[in-house]
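For reference, final_6.cif (mmCIF, C-alpha atoms and all ligand atoms):
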```
data_query
#
loop_
_atom_site.group_PDB
_atom_site.id
_atom_site.type_symbol
_atom_site.label_atom_id
_atom_site.label_comp_id
_atom_site.auth_asym_id
_atom_site.auth_seq_id
_atom_site.Cartn_x
_atom_site.Cartn_y
_atom_site.Cartn_z
ATOM 1 C CA MET A 13 12.433 -21.059 -5.472
ATOM 2 C CA HIS A 14 12.417 -17.486 -4.122
ATOM 3 C CA LYS A 15 13.158 -16.718 -0.472
ATOM 4 C CA ILE A 16 11.194 -13.625 0.394
ATOM 5 C CA LEU A 17 11.347 -11.087 3.234
ATOM 6 C CA VAL A 18 8.294 -8.860 3.778
ATOM 7 C CA THR A 19 8.963 -5.801 5.952
ATOM 8 C CA GLY A 20 5.976 -4.215 7.688
ATOM 9 C CA SER A 21 4.144 -7.487 7.132
ATOM 10 C CA GLY A 22 1.537 -6.796 9.834
ATOM 11 C CA GLY A 23 0.121 -3.764 8.016
ATOM 12 C CA GLN A 24 -2.901 -3.522 5.711
ATOM 13 C CA LEU A 25 -1.001 -4.465 2.541
ATOM 14 C CA GLY A 26 1.359 -6.908 4.239
ATOM 15 C CA SER A 27 -1.395 -9.002 5.817
ATOM 16 C CA ASP A 28 -2.874 -9.886 2.416
ATOM 17 C CA LEU A 29 0.395 -9.921 0.488
ATOM 18 C CA VAL A 30 1.949 -12.507 2.803
ATOM 19 C CA ILE A 31 -1.019 -14.845 2.239
ATOM 20 C CA ALA A 32 -0.739 -14.430 -1.551
ATOM 21 C CA LEU A 33 3.044 -14.954 -1.539
ATOM 22 C CA ARG A 34 2.765 -18.047 0.666
ATOM 23 C CA ARG A 35 0.171 -19.498 -1.713
ATOM 24 C CA LEU A 36 2.672 -19.042 -4.546
ATOM 25 C CA TYR A 37 5.970 -19.924 -2.893
ATOM 26 C CA GLY A 38 5.099 -21.878 0.285
ATOM 27 C CA THR A 39 4.939 -20.767 3.918
ATOM 28 C CA SER A 40 8.578 -21.388 4.778
ATOM 29 C CA HIS A 41 9.709 -19.283 1.797
ATOM 30 C CA VAL A 42 8.076 -16.087 3.049
ATOM 31 C CA ILE A 43 9.575 -14.435 6.134
ATOM 32 C CA GLU A 44 7.382 -11.855 7.841
ATOM 33 C CA SER A 45 8.944 -8.983 9.757
ATOM 34 C CA GLY A 46 7.887 -5.976 11.788
ATOM 35 C CA TRP A 47 8.954 -3.859 14.736
ATOM 36 C CA ARG A 48 6.616 -5.749 17.096
ATOM 37 C CA GLU A 49 7.856 -8.708 19.122
ATOM 38 C CA PRO A 50 6.319 -11.949 17.789
ATOM 39 C CA SER A 51 2.847 -12.650 19.170
ATOM 40 C CA HIS A 52 1.903 -16.079 20.444
ATOM 41 C CA HIS A 53 0.289 -16.650 17.011
ATOM 42 C CA SER A 54 3.569 -16.051 15.171
ATOM 43 C CA ASN A 55 5.498 -18.933 13.691
ATOM 44 C CA LEU A 56 8.965 -18.168 15.080
ATOM 45 C CA SER A 57 10.765 -19.748 12.137
ATOM 46 C CA THR A 58 9.053 -17.385 9.674
ATOM 47 C CA TYR A 59 8.766 -14.168 11.739
ATOM 48 C CA GLU A 60 11.584 -11.734 12.567
ATOM 49 C CA THR A 61 11.419 -8.603 14.704
ATOM 50 C CA LEU A 62 13.046 -5.917 12.576
ATOM 51 C CA ASP A 63 13.645 -2.185 12.835
ATOM 52 C CA VAL A 64 14.306 -1.343 9.182
ATOM 53 C CA THR A 65 16.411 1.670 10.167
ATOM 54 C CA HIS A 66 18.987 -0.718 11.684
ATOM 55 C CA ARG A 67 21.056 -2.038 8.784
ATOM 56 C CA PRO A 68 22.992 -4.781 10.678
ATOM 57 C CA SER A 69 19.703 -6.429 11.758
ATOM 58 C CA LEU A 70 18.394 -6.326 8.195
ATOM 59 C CA ASP A 71 21.606 -7.856 6.807
ATOM 60 C CA ALA A 72 21.610 -10.585 9.473
ATOM 61 C CA ILE A 73 18.034 -11.614 8.569
ATOM 62 C CA ILE A 74 18.826 -11.615 4.841
ATOM 63 C CA GLN A 75 21.877 -13.808 5.396
ATOM 64 C CA HIS A 76 20.252 -16.119 7.939
ATOM 65 C CA HIS A 77 17.266 -16.873 5.666
ATOM 66 C CA GLN A 78 19.184 -16.550 2.363
ATOM 67 C CA VAL A 79 16.653 -13.983 1.189
ATOM 68 C CA ASP A 80 16.669 -13.081 -2.531
ATOM 69 C CA THR A 81 13.602 -10.792 -2.680
ATOM 70 C CA ILE A 82 12.302 -8.042 -0.370
ATOM 71 C CA TYR A 83 8.816 -6.579 -0.380
ATOM 72 C CA HIS A 84 9.606 -3.431 1.589
ATOM 73 C CA LEU A 85 6.262 -2.333 3.029
ATOM 74 C CA ALA A 86 7.422 -0.855 6.364
ATOM 75 C CA GLY A 87 6.663 2.836 6.490
ATOM 76 C CA VAL A 88 4.736 5.648 8.148
ATOM 77 C CA LEU A 89 1.592 6.786 6.238
ATOM 78 C CA SER A 90 0.346 10.280 5.393
ATOM 79 C CA ALA A 91 -1.778 11.285 8.398
ATOM 80 C CA LYS A 92 0.556 9.670 10.973
ATOM 81 C CA GLY A 93 3.487 11.280 9.143
ATOM 82 C CA GLU A 94 2.080 14.768 9.779
ATOM 83 C CA GLN A 95 1.896 13.982 13.503
ATOM 84 C CA GLN A 96 5.382 12.436 13.602
ATOM 85 C CA PRO A 97 7.388 14.002 10.753
ATOM 86 C CA ASP A 98 10.820 13.045 12.165
ATOM 87 C CA ARG A 99 9.833 9.412 12.560
ATOM 88 C CA CYS A 100 8.243 9.477 9.106
ATOM 89 C CA TRP A 101 11.505 10.696 7.545
ATOM 90 C CA ASP A 102 13.649 8.273 9.542
ATOM 91 C CA VAL A 103 11.634 5.112 8.906
ATOM 92 C CA ASN A 104 10.677 5.909 5.320
ATOM 93 C CA ILE A 105 14.000 7.242 4.034
ATOM 94 C CA ASN A 106 16.566 5.337 6.074
ATOM 95 C CA GLY A 107 14.518 2.133 5.914
ATOM 96 C CA LEU A 108 14.462 2.137 2.114
ATOM 97 C CA ARG A 109 18.093 3.236 1.876
ATOM 98 C CA ASN A 110 19.066 0.221 3.997
ATOM 99 C CA VAL A 111 16.976 -2.095 1.833
ATOM 100 C CA LEU A 112 18.510 -0.723 -1.379
ATOM 101 C CA GLU A 113 22.037 -0.965 0.043
ATOM 102 C CA ALA A 114 21.334 -4.557 1.065
ATOM 103 C CA ALA A 115 19.904 -5.243 -2.400
ATOM 104 C CA LYS A 116 23.105 -3.909 -3.933
ATOM 105 C CA THR A 117 25.276 -6.034 -1.639
ATOM 106 C CA PHE A 118 23.287 -9.277 -1.833
ATOM 107 C CA GLN A 119 21.758 -8.826 -5.332
ATOM 108 C CA LEU A 120 18.156 -8.839 -4.227
ATOM 109 C CA GLN A 121 14.999 -7.996 -6.119
ATOM 110 C CA VAL A 122 12.985 -5.284 -4.310
ATOM 111 C CA PHE A 123 9.357 -4.159 -4.343
ATOM 112 C CA PHE A 124 8.611 -0.732 -2.898
ATOM 113 C CA PRO A 125 5.081 0.756 -2.655
ATOM 114 C CA SER A 126 5.046 4.418 -3.602
ATOM 115 C CA SER A 127 1.824 6.407 -3.543
ATOM 116 C CA ILE A 128 -0.382 9.052 -5.147
ATOM 117 C CA ALA A 129 1.016 11.155 -2.271
ATOM 118 C CA VAL A 130 4.013 12.035 -4.483
ATOM 119 C CA PHE A 131 1.645 14.535 -6.134
ATOM 120 C CA GLY A 132 0.652 17.884 -4.692
ATOM 121 C CA PRO A 133 -1.548 20.963 -5.056
ATOM 122 C CA HIS A 134 -0.069 22.020 -8.423
ATOM 123 C CA THR A 135 -0.323 18.560 -9.999
ATOM 124 C CA PRO A 136 -3.165 18.306 -12.569
ATOM 125 C CA LYS A 137 -6.098 16.680 -10.729
ATOM 126 C CA PHE A 138 -7.514 14.643 -13.613
ATOM 127 C CA ASP A 139 -5.740 12.055 -15.758
ATOM 128 C CA THR A 140 -2.553 12.760 -13.850
ATOM 129 C CA THR A 141 0.236 11.517 -16.084
ATOM 130 C CA GLN A 142 3.323 9.519 -15.147
ATOM 131 C CA ILE A 143 5.647 12.500 -15.451
ATOM 132 C CA THR A 144 4.144 15.708 -14.117
ATOM 133 C CA ILE A 145 4.493 18.182 -11.250
ATOM 134 C CA GLU A 146 5.369 16.503 -7.942
ATOM 135 C CA ASP A 147 5.068 19.033 -5.126
ATOM 136 C CA PRO A 148 3.765 17.046 -2.146
ATOM 137 C CA SER A 149 2.578 18.986 0.864
ATOM 138 C CA THR A 150 3.045 16.180 3.413
ATOM 139 C CA MET A 151 6.196 14.701 4.947
ATOM 140 C CA TYR A 152 4.934 11.310 3.746
ATOM 141 C CA GLY A 153 4.723 12.607 0.170
ATOM 142 C CA ILE A 154 8.177 14.183 0.430
ATOM 143 C CA THR A 155 9.619 10.844 1.554
ATOM 144 C CA LYS A 156 7.815 9.037 -1.292
ATOM 145 C CA VAL A 157 9.288 11.383 -3.927
ATOM 146 C CA THR A 158 12.743 10.981 -2.397
ATOM 147 C CA ARG A 159 12.316 7.214 -2.229
ATOM 148 C CA GLU A 160 11.288 7.021 -5.882
ATOM 149 C CA LEU A 161 14.426 8.985 -6.802
ATOM 150 C CA LEU A 162 16.529 6.612 -4.693
ATOM 151 C CA CYS A 163 14.973 3.591 -6.459
ATOM 152 C CA HIS A 164 15.728 5.116 -9.866
ATOM 153 C CA TYR A 165 19.292 5.897 -8.751
ATOM 154 C CA TYR A 166 20.039 2.430 -7.390
ATOM 155 C CA ALA A 167 18.531 0.771 -10.479
ATOM 156 C CA HIS A 168 20.539 2.876 -12.929
ATOM 157 C CA HIS A 169 23.832 3.209 -11.032
ATOM 158 C CA PHE A 170 24.062 -0.166 -9.319
ATOM 159 C CA GLY A 171 21.776 -2.401 -11.386
ATOM 160 C CA VAL A 172 19.413 -3.086 -8.464
ATOM 161 C CA ASP A 173 16.215 -4.763 -9.722
ATOM 162 C CA VAL A 174 13.788 -2.521 -7.848
ATOM 163 C CA ARG A 175 10.157 -2.226 -8.964
ATOM 164 C CA SER A 176 7.525 0.107 -7.616
ATOM 165 C CA LEU A 177 3.900 1.254 -7.923
ATOM 166 C CA ARG A 178 2.257 4.549 -6.953
ATOM 167 C CA LEU A 179 -0.609 2.957 -5.071
ATOM 168 C CA PRO A 180 -3.928 4.747 -4.527
ATOM 169 C CA GLY A 181 -6.069 4.226 -1.400
ATOM 170 C CA ILE A 182 -6.417 0.488 -0.803
ATOM 171 C CA ILE A 183 -9.742 -0.959 0.349
ATOM 172 C CA SER A 184 -9.616 -4.292 2.152
ATOM 173 C CA TYR A 185 -11.375 -6.328 4.813
ATOM 174 C CA SER A 186 -8.594 -8.393 6.486
ATOM 175 C CA ALA A 187 -6.587 -5.703 8.243
ATOM 176 C CA PHE A 188 -7.205 -2.057 9.046
ATOM 177 C CA PRO A 189 -5.021 0.574 7.405
ATOM 178 C CA GLY A 190 -3.131 2.608 9.975
ATOM 179 C CA GLY A 191 -2.642 6.355 9.808
ATOM 180 C CA GLY A 192 -3.567 7.104 6.180
ATOM 181 C CA THR A 193 -5.808 9.744 4.603
ATOM 182 C CA THR A 194 -7.740 7.190 2.543
ATOM 183 C CA ASP A 195 -8.590 5.167 5.700
ATOM 184 C CA PHE A 196 -12.188 6.515 5.622
ATOM 185 C CA ALA A 197 -12.890 4.257 2.630
ATOM 186 C CA VAL A 198 -12.242 1.210 4.843
ATOM 187 C CA GLU A 199 -13.602 2.473 8.185
ATOM 188 C CA ILE A 200 -16.946 3.282 6.547
ATOM 189 C CA PHE A 201 -17.687 -0.401 5.804
ATOM 190 C CA HIS A 202 -16.998 -1.495 9.384
ATOM 191 C CA ALA A 203 -19.151 1.335 10.730
ATOM 192 C CA ALA A 204 -21.978 0.644 8.254
ATOM 193 C CA LEU A 205 -22.245 -2.933 9.484
ATOM 194 C CA ALA A 206 -21.541 -2.291 13.174
ATOM 195 C CA SER A 207 -23.696 0.785 13.878
ATOM 196 C CA GLY A 208 -25.332 1.822 10.587
ATOM 197 C CA THR A 209 -23.738 5.247 10.767
ATOM 198 C CA TYR A 210 -20.319 6.806 10.055
ATOM 199 C CA THR A 211 -18.671 10.181 10.584
ATOM 200 C CA CYS A 212 -16.462 10.786 7.577
ATOM 201 C CA PHE A 213 -13.338 12.934 7.983
ATOM 202 C CA VAL A 214 -13.384 14.239 4.391
ATOM 203 C CA ARG A 215 -16.117 16.210 2.588
ATOM 204 C CA PRO A 216 -18.695 14.335 0.470
ATOM 205 C CA GLU A 217 -17.321 15.637 -2.847
ATOM 206 C CA THR A 218 -13.750 14.465 -2.105
ATOM 207 C CA ARG A 219 -12.833 12.235 -5.058
ATOM 208 C CA LEU A 220 -9.737 10.056 -4.758
ATOM 209 C CA PRO A 221 -8.194 7.157 -6.671
ATOM 210 C CA MET A 222 -8.887 3.817 -4.931
ATOM 211 C CA MET A 223 -8.236 0.124 -5.493
ATOM 212 C CA TYR A 224 -9.576 -3.120 -4.028
ATOM 213 C CA MET A 225 -6.975 -5.296 -2.304
ATOM 214 C CA PRO A 226 -7.223 -8.240 -4.760
ATOM 215 C CA ASP A 227 -6.353 -5.819 -7.583
ATOM 216 C CA ALA A 228 -3.486 -4.362 -5.534
ATOM 217 C CA ILE A 229 -2.065 -7.840 -4.905
ATOM 218 C CA ARG A 230 -2.337 -8.718 -8.611
ATOM 219 C CA ALA A 231 -0.593 -5.459 -9.496
ATOM 220 C CA ILE A 232 2.273 -6.118 -7.081
ATOM 221 C CA LEU A 233 2.751 -9.728 -8.178
ATOM 222 C CA GLY A 234 2.313 -8.660 -11.809
ATOM 223 C CA ILE A 235 5.107 -6.109 -11.764
ATOM 224 C CA MET A 236 7.397 -8.396 -9.739
ATOM 225 C CA GLN A 237 6.893 -11.346 -12.110
ATOM 226 C CA ALA A 238 7.180 -9.306 -15.319
ATOM 227 C CA ASP A 239 10.233 -9.750 -17.477
ATOM 228 C CA ALA A 240 12.896 -7.219 -16.418
ATOM 229 C CA SER A 241 12.990 -5.813 -19.970
ATOM 230 C CA ALA A 242 9.309 -4.801 -19.639
ATOM 231 C CA ILE A 243 9.994 -2.585 -16.630
ATOM 232 C CA LYS A 244 10.940 0.695 -18.249
ATOM 233 C CA ILE A 245 10.247 2.912 -15.211
ATOM 234 C CA ARG A 246 12.395 2.290 -12.145
ATOM 235 C CA SER A 247 11.181 5.176 -9.996
ATOM 236 C CA SER A 248 7.531 4.087 -9.709
ATOM 237 C CA TYR A 249 4.607 3.379 -12.047
ATOM 238 C CA ASN A 250 1.302 5.239 -11.897
ATOM 239 C CA ILE A 251 -1.344 2.583 -11.238
ATOM 240 C CA ALA A 252 -5.108 3.010 -11.037
ATOM 241 C CA ALA A 253 -8.399 1.175 -10.763
ATOM 242 C CA VAL A 254 -11.357 3.386 -9.782
ATOM 243 C CA SER A 255 -11.976 6.927 -8.556
ATOM 244 C CA PHE A 256 -15.027 7.917 -6.549
ATOM 245 C CA SER A 257 -16.132 10.564 -4.114
ATOM 246 C CA ALA A 258 -16.985 9.885 -0.472
ATOM 247 C CA ALA A 259 -20.663 10.600 -1.323
ATOM 248 C CA GLU A 260 -20.621 8.070 -4.178
ATOM 249 C CA LEU A 261 -19.191 5.462 -1.816
ATOM 250 C CA VAL A 262 -21.951 6.198 0.701
ATOM 251 C CA ALA A 263 -24.625 5.922 -2.036
ATOM 252 C CA GLU A 264 -23.252 2.564 -3.201
ATOM 253 C CA ILE A 265 -23.234 1.196 0.371
ATOM 254 C CA GLN A 266 -26.845 2.416 0.733
ATOM 255 C CA THR A 267 -27.918 0.263 -2.222
ATOM 256 C CA HIS A 268 -27.131 -2.720 0.062
ATOM 257 C CA LEU A 269 -27.873 -1.091 3.440
ATOM 258 C CA PRO A 270 -30.615 1.539 2.832
ATOM 259 C CA GLN A 271 -30.691 2.590 6.516
ATOM 260 C CA PHE A 272 -26.992 3.527 6.509
ATOM 261 C CA THR A 273 -26.297 7.218 7.182
ATOM 262 C CA CYS A 274 -23.101 9.240 6.952
ATOM 263 C CA ARG A 275 -22.316 12.647 8.398
ATOM 264 C CA TYR A 276 -19.273 14.652 7.434
ATOM 265 C CA ALA A 277 -16.809 16.260 9.842
ATOM 266 C CA PRO A 278 -13.667 17.125 7.843
ATOM 267 C CA ASP A 279 -10.448 17.302 9.880
ATOM 268 C CA PHE A 280 -6.764 17.934 9.014
ATOM 269 C CA ARG A 281 -6.853 15.016 6.554
ATOM 270 C CA GLN A 282 -9.132 17.034 4.240
ATOM 271 C CA ALA A 283 -6.203 19.260 3.233
ATOM 272 C CA ILE A 284 -4.100 16.188 2.468
ATOM 273 C CA ALA A 285 -6.872 14.638 0.358
ATOM 274 C CA ASP A 286 -7.387 17.956 -1.462
ATOM 275 C CA SER A 287 -3.710 18.017 -2.425
ATOM 276 C CA TRP A 288 -3.918 14.630 -4.211
ATOM 277 C CA PRO A 289 -5.168 13.899 -7.734
ATOM 278 C CA SER A 290 -8.683 12.581 -8.345
ATOM 279 C CA VAL A 291 -8.017 10.409 -11.404
ATOM 280 C CA ILE A 292 -4.681 8.842 -12.365
ATOM 281 C CA ASP A 293 -3.496 7.985 -15.885
ATOM 282 C CA ASP A 294 -1.825 4.567 -15.609
ATOM 283 C CA SER A 295 -1.400 3.928 -19.343
ATOM 284 C CA LYS A 296 2.351 3.207 -18.969
ATOM 285 C CA ALA A 297 1.725 0.314 -16.553
ATOM 286 C CA ARG A 298 -0.979 -1.030 -18.879
ATOM 287 C CA ALA A 299 1.323 -0.786 -21.933
ATOM 288 C CA ASP A 300 4.640 -1.908 -20.383
ATOM 289 C CA TRP A 301 3.648 -4.961 -18.329
ATOM 290 C CA GLY A 302 -0.039 -5.506 -19.009
ATOM 291 C CA TRP A 303 -1.712 -4.054 -15.903
ATOM 292 C CA GLN A 304 -5.533 -4.355 -15.835
ATOM 293 C CA HIS A 305 -7.833 -3.826 -12.882
ATOM 294 C CA GLN A 306 -10.920 -5.975 -12.241
ATOM 295 C CA TYR A 307 -12.981 -4.302 -9.489
ATOM 296 C CA ASP A 308 -15.158 -1.237 -9.996
ATOM 297 C CA LEU A 309 -16.978 0.577 -7.167
ATOM 298 C CA ALA A 310 -20.075 -1.671 -7.284
ATOM 299 C CA ALA A 311 -17.972 -4.857 -7.185
ATOM 300 C CA ILE A 312 -15.795 -3.538 -4.337
ATOM 301 C CA VAL A 313 -18.776 -2.585 -2.157
ATOM 302 C CA LYS A 314 -20.613 -5.873 -2.782
ATOM 303 C CA ASP A 315 -17.571 -7.998 -1.956
ATOM 304 C CA MET A 316 -16.483 -5.908 1.060
ATOM 305 C CA LEU A 317 -19.932 -6.181 2.665
ATOM 306 C CA GLN A 318 -20.153 -9.921 1.965
ATOM 307 C CA GLN A 319 -16.677 -10.608 3.365
ATOM 308 C CA LEU A 320 -17.159 -8.475 6.492
ATOM 309 C CA GLU A 321 -20.596 -10.022 7.107
ATOM 310 C CA ALA A 322 -19.079 -13.510 6.833
ATOM 311 C CA THR A 323 -16.353 -12.559 9.337
ATOM 312 C CA ARG A 324 -18.924 -11.104 11.758
ATOM 313 C CA ARG A 325 -21.013 -14.317 11.561
ATOM 314 C CA GLU A 326 -17.870 -16.391 12.195
ATOM 315 C CA VAL A 327 -16.932 -14.242 15.236
ATOM 316 C CA CYS A 328 -20.491 -14.569 16.646
ATOM 317 C CA ARG A 329 -20.385 -18.345 16.127
ATOM 318 C CA HIS A 330 -17.208 -18.583 18.234
ATOM 319 C CA ALA A 331 -18.287 -16.064 20.895
HETATM 320 C C1 LIG B 1 -2.512 7.159 2.759
HETATM 321 O O1 LIG B 1 -3.692 7.553 2.774
HETATM 322 O O2 LIG B 1 -1.605 7.687 3.406
HETATM 323 C C2 LIG B 1 -2.169 6.004 1.862
HETATM 324 C C3 LIG B 1 -1.723 6.457 0.517
HETATM 325 C C4 LIG B 1 -2.698 6.893 -0.500
HETATM 326 O O3 LIG B 1 -0.561 6.472 0.267
HETATM 327 N N1 LIG B 1 -3.300 5.118 1.746
#
```

With the file now loaded, output its structure as structure tokens.
Ligand code: AKB
Amino acid sequence: MHKILVTGSGGQLGSDLVIALRRLYGTSHVIESGWREPSHHSNLSTYETLDVTHRPSLDAIIQHHQVDTIYHLAGVLSAKGEQQPDRCWDVNINGLRNVLEAAKTFQLQVFFPSSIAVFGPHTPKFDTTQITIEDPSTMYGITKVTRELLCHYYAHHFGVDVRSLRLPGIISYSAFPGGGTTDFAVEIFHAALASGTYTCFVRPETRLPMMYMPDAIRAILGIMQADASAIKIRSSYNIAAVSFSAAELVAEIQTHLPQFTCRYAPDFRQAIADSWPSVIDDSKARADWGWQHQYDLAAIVKDMLQQLEATRREVCRHA
């Protein structure tokens, strides 16, 4: 049975991934970690405070829990990375380097989430292929490109079993994303239900690749469980589900909540969004290890609103 360490487990992806991994492997087999001290909710036997840039702490946790697999989610996202470029470089680059070095030493399997942020203004915007121009304009994107190259290097030079996906914007209801450019596609649902109005920080025609969390979890588990011989790309796979504009998202929410209104006030994140592709070609992931998405825009919006409504009712019941 695997013994798994999840770094950055308190983030948007980590919160849902930990639940899915615990369902598969059991609670005691999945160790959460993050830079925060454990809260009073944390189970101290399955939570570790960890600064991923500190290699001795990482090694000690791996040895203490006899970890054989790391889902390395700790990182600084695109918008936050522009405000704190040094921290973005340090956490993103040195954190992954430490994980890959540990994987080499202790023979671990590693998952690393890359992003559509590896692409830049000169990348073709539509049907962006696996191998194309990568000229990111953000520090986050620069660290993602470098990290993909590191993954490829460690896989080919040291035999590290590292697997990775270039994730689009992830939409989910359990935890908020923190510091990303695609965060508007999550915030909008909370605002629609709470106040019936939202101020969107990208223009209405901004079209980006997106994915619902259940699809993202299936993609991550799918690539990690695939036979090693099926994984032909060790930098990172293009992966896609749906692409829609901010205006299309608003229109779909309005089919459920006709009174909902959205105004647009683009800020510095518009330039980041404009530098990313609109539609990704993920045919390699589909051919190599059988990736298929399930949720389209209509299904995402319906489920998000139902889940958030259910949570709001539950909160009111306990208030
Ligand atoms: C972000 O917006 O920074 C992330 C991403 C697409 O990598 N969600």

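Residues selected in this file by the PyMOL selection byres (((chain A and resi 195-210) around 8) and not hetatm) comprise A:Gly181, A:Ile183, A:Ser184, A:Tyr185, A:Phe188, A:Pro189, A:Gly190, A:Gly191, A:Gly192, A:Thr193, A:Thr194, A:Thr211, A:Cys212, A:Phe213, A:Val214, A:Ala258, A:Leu261, A:Ile265, A:Leu269, A:Gln271, A:Phe272, A:Thr273, A:Cys274, A:Arg275, A:Met316, A:Leu317, A:Leu320, A:Glu321.
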
Legend entry - Distance filter 9 Å around ligand LIG 1 (chain B), atoms: all atoms listed in the file, out as a PyMOL selection string: chain A and resi 88-93+125-130+152-153+156+178-183+189-195+220-222+281+284-285+288

Listing only residues of segment 223-286 of chain A within 10 Å of segment 30-34 of chain A, what is the closest atom pair and its distance in Å (to one decimal) for each, using all atoms listed in the file, sorted by chain and residue number ascending, as a Markdown table?
```
| residue | atom | partner | partner_atom | distance |
| --- | --- | --- | --- | --- |
| A:Pro226 | CA | A:Ala32 | CA | 9.5 |
| A:Ile229 | CA | A:Ala32 | CA | 7.5 |
| A:Arg230 | CA | A:Ala32 | CA | 9.2 |
| A:Leu233 | CA | A:Leu33 | CA | 8.5 |
```

Distance table requested - segment 82-190 of chain A against segment 47-71 of chain A, cut-off 7 Å, all atoms listed in the file: one row per qualifying residue with the closest atom pair and its distance in Å to one decimal, ordered by chain and rising residue number, as JSON lines.
```
{"residue": "A:Val103", "atom": "CA", "partner": "A:Thr65", "partner_atom": "CA", "distance": 6.0}
{"residue": "A:Asn106", "atom": "CA", "partner": "A:Thr65", "partner_atom": "CA", "distance": 5.5}
{"residue": "A:Gly107", "atom": "CA", "partner": "A:Thr65", "partner_atom": "CA", "distance": 4.7}
{"residue": "A:Asn110", "atom": "CA", "partner": "A:Arg67", "partner_atom": "CA", "distance": 5.7}
{"residue": "A:Ala114", "atom": "CA", "partner": "A:Asp71", "partner_atom": "CA", "distance": 6.6}
```

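Picked out by the PyMOL selection byres (((chain A and resi 41) around 9) and not hetatm) when it runs on this file: Met13, His14, Lys15, Ile16, Leu17, Leu33, Arg34, Tyr37, Gly38, Thr39, Ser40, Val42, Ile43, Thr58, His77 and Val79 of chain A.
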
Chain and number of each residue from the PyMOL selection byres (((chain A and resi 81) around 10) and not hetatm), as a JSON list (two decimals) with C-alpha atoms, in the coordinates of the input:
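Here's the written file part_38.json:
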```json
[["chain", "number", "residue", "atom", "x", "y", "z"],
["A", 14, "HIS", "CA", 12.42, -17.49, -4.12],
["A", 15, "LYS", "CA", 13.16, -16.72, -0.47],
["A", 16, "ILE", "CA", 11.19, -13.62, 0.39],
["A", 17, "LEU", "CA", 11.35, -11.09, 3.23],
["A", 18, "VAL", "CA", 8.29, -8.86, 3.78],
["A", 42, "VAL", "CA", 8.08, -16.09, 3.05],
["A", 74, "ILE", "CA", 18.83, -11.62, 4.84],
["A", 78, "GLN", "CA", 19.18, -16.55, 2.36],
["A", 79, "VAL", "CA", 16.65, -13.98, 1.19],
["A", 80, "ASP", "CA", 16.67, -13.08, -2.53],
["A", 82, "ILE", "CA", 12.30, -8.04, -0.37],
["A", 83, "TYR", "CA", 8.82, -6.58, -0.38],
["A", 84, "HIS", "CA", 9.61, -3.43, 1.59],
["A", 115, "ALA", "CA", 19.90, -5.24, -2.40],
["A", 118, "PHE", "CA", 23.29, -9.28, -1.83],
["A", 119, "GLN", "CA", 21.76, -8.83, -5.33],
["A", 120, "LEU", "CA", 18.16, -8.84, -4.23],
["A", 121, "GLN", "CA", 15.00, -8.00, -6.12],
["A", 122, "VAL", "CA", 12.98, -5.28, -4.31],
["A", 123, "PHE", "CA", 9.36, -4.16, -4.34],
["A", 173, "ASP", "CA", 16.22, -4.76, -9.72],
["A", 174, "VAL", "CA", 13.79, -2.52, -7.85],
["A", 236, "MET", "CA", 7.40, -8.40, -9.74]]
```

Legend entry - Which residue of A:Tyr224, A:Glu146, A:Gln96, A:Ser247 approaches Arg159 of chain A most closely, using all atoms listed in the file: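 Closest residue, counting all atoms listed in the file: A:Ser247.
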
Within 10 Å of segment 296-304 of chain A, which residues of segment 78-195 of chain A show up? Give each one with its shortest atom-to-atom distance in Å (one decimal) and the two atoms involved, counting only C-alpha atoms, rows by chain then rising residue number, as CSV.
```
residue,atom,partner,partner_atom,distance
A:Thr141,CA,A:Lys296,CA,9.0
A:Gln142,CA,A:Lys296,CA,7.4
A:Leu177,CA,A:Ala297,CA,8.9
```

Kindly export the residues of the current selection with C-alpha atoms, as a PDB file, in the frame of the given file.
```pdb
ATOM      1  CA  THR A 141       0.236  11.517 -16.084  1.00  0.00           C
ATOM      2  CA  GLN A 142       3.323   9.519 -15.147  1.00  0.00           C
ATOM      3  CA  LEU A 177       3.900   1.254  -7.923  1.00  0.00           C
TER       4      LEU A 177
END
```

Inset, instruction - Show which residues sit within 8 Å of Ile292 of chain A, as a list of chain:residue names. Count all atoms listed in the file, and ignore same-chain residues fewer than 6 positions away. - result: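 After dropping sequence-adjacent residues, the list is A:Phe138, A:Asp139, A:Thr140, A:Thr141, A:Pro221, A:Asn250, A:Ile251, A:Ala252.
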
Inset, instruction - In Å, rounded to a single decimal, give me how far atom CA of Asp294 of chain A is from atom CA of Met223 of chain A. - result: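 Between atom CA of Met223 of chain A and atom CA of Asp294 of chain A the gap works out to 12.8 Å.
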
Inset, instruction - Kindly indicate which residue among A:Ile245, A:Ala167, A:Ile235, A:Thr135 lies nearest to Val291 of chain A, using only C-alpha atoms for the distances. - result: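 Between A:Ile245, A:Ala167, A:Ile235, A:Thr135, the residue approaching Val291 of chain A most closely is A:Thr135.
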
Legend entry - Interatomic distance, atom CA of His134 of chain A to atom CA of Val157 of chain A (Å, one decimal):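 Here the two named atoms are 14.9 Å from each other.
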
Legend entry - Atom pair atom CA of Arg325 of chain A / atom CA of Arg35 of chain A: separation (Å):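 It comes out at 25.5 Å.
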
So that all listed atoms of segment 97-105 of chain A fit with 5 Å spare on each side, what axis-aligned box centre and edge lengths in Å, to one decimal, would you give as lines of an AutoDock Vina configuration file?
```
center_x = 10.7
center_y = 9.6
center_z = 8.3
size_x = 16.6
size_y = 18.9
size_z = 18.5
```
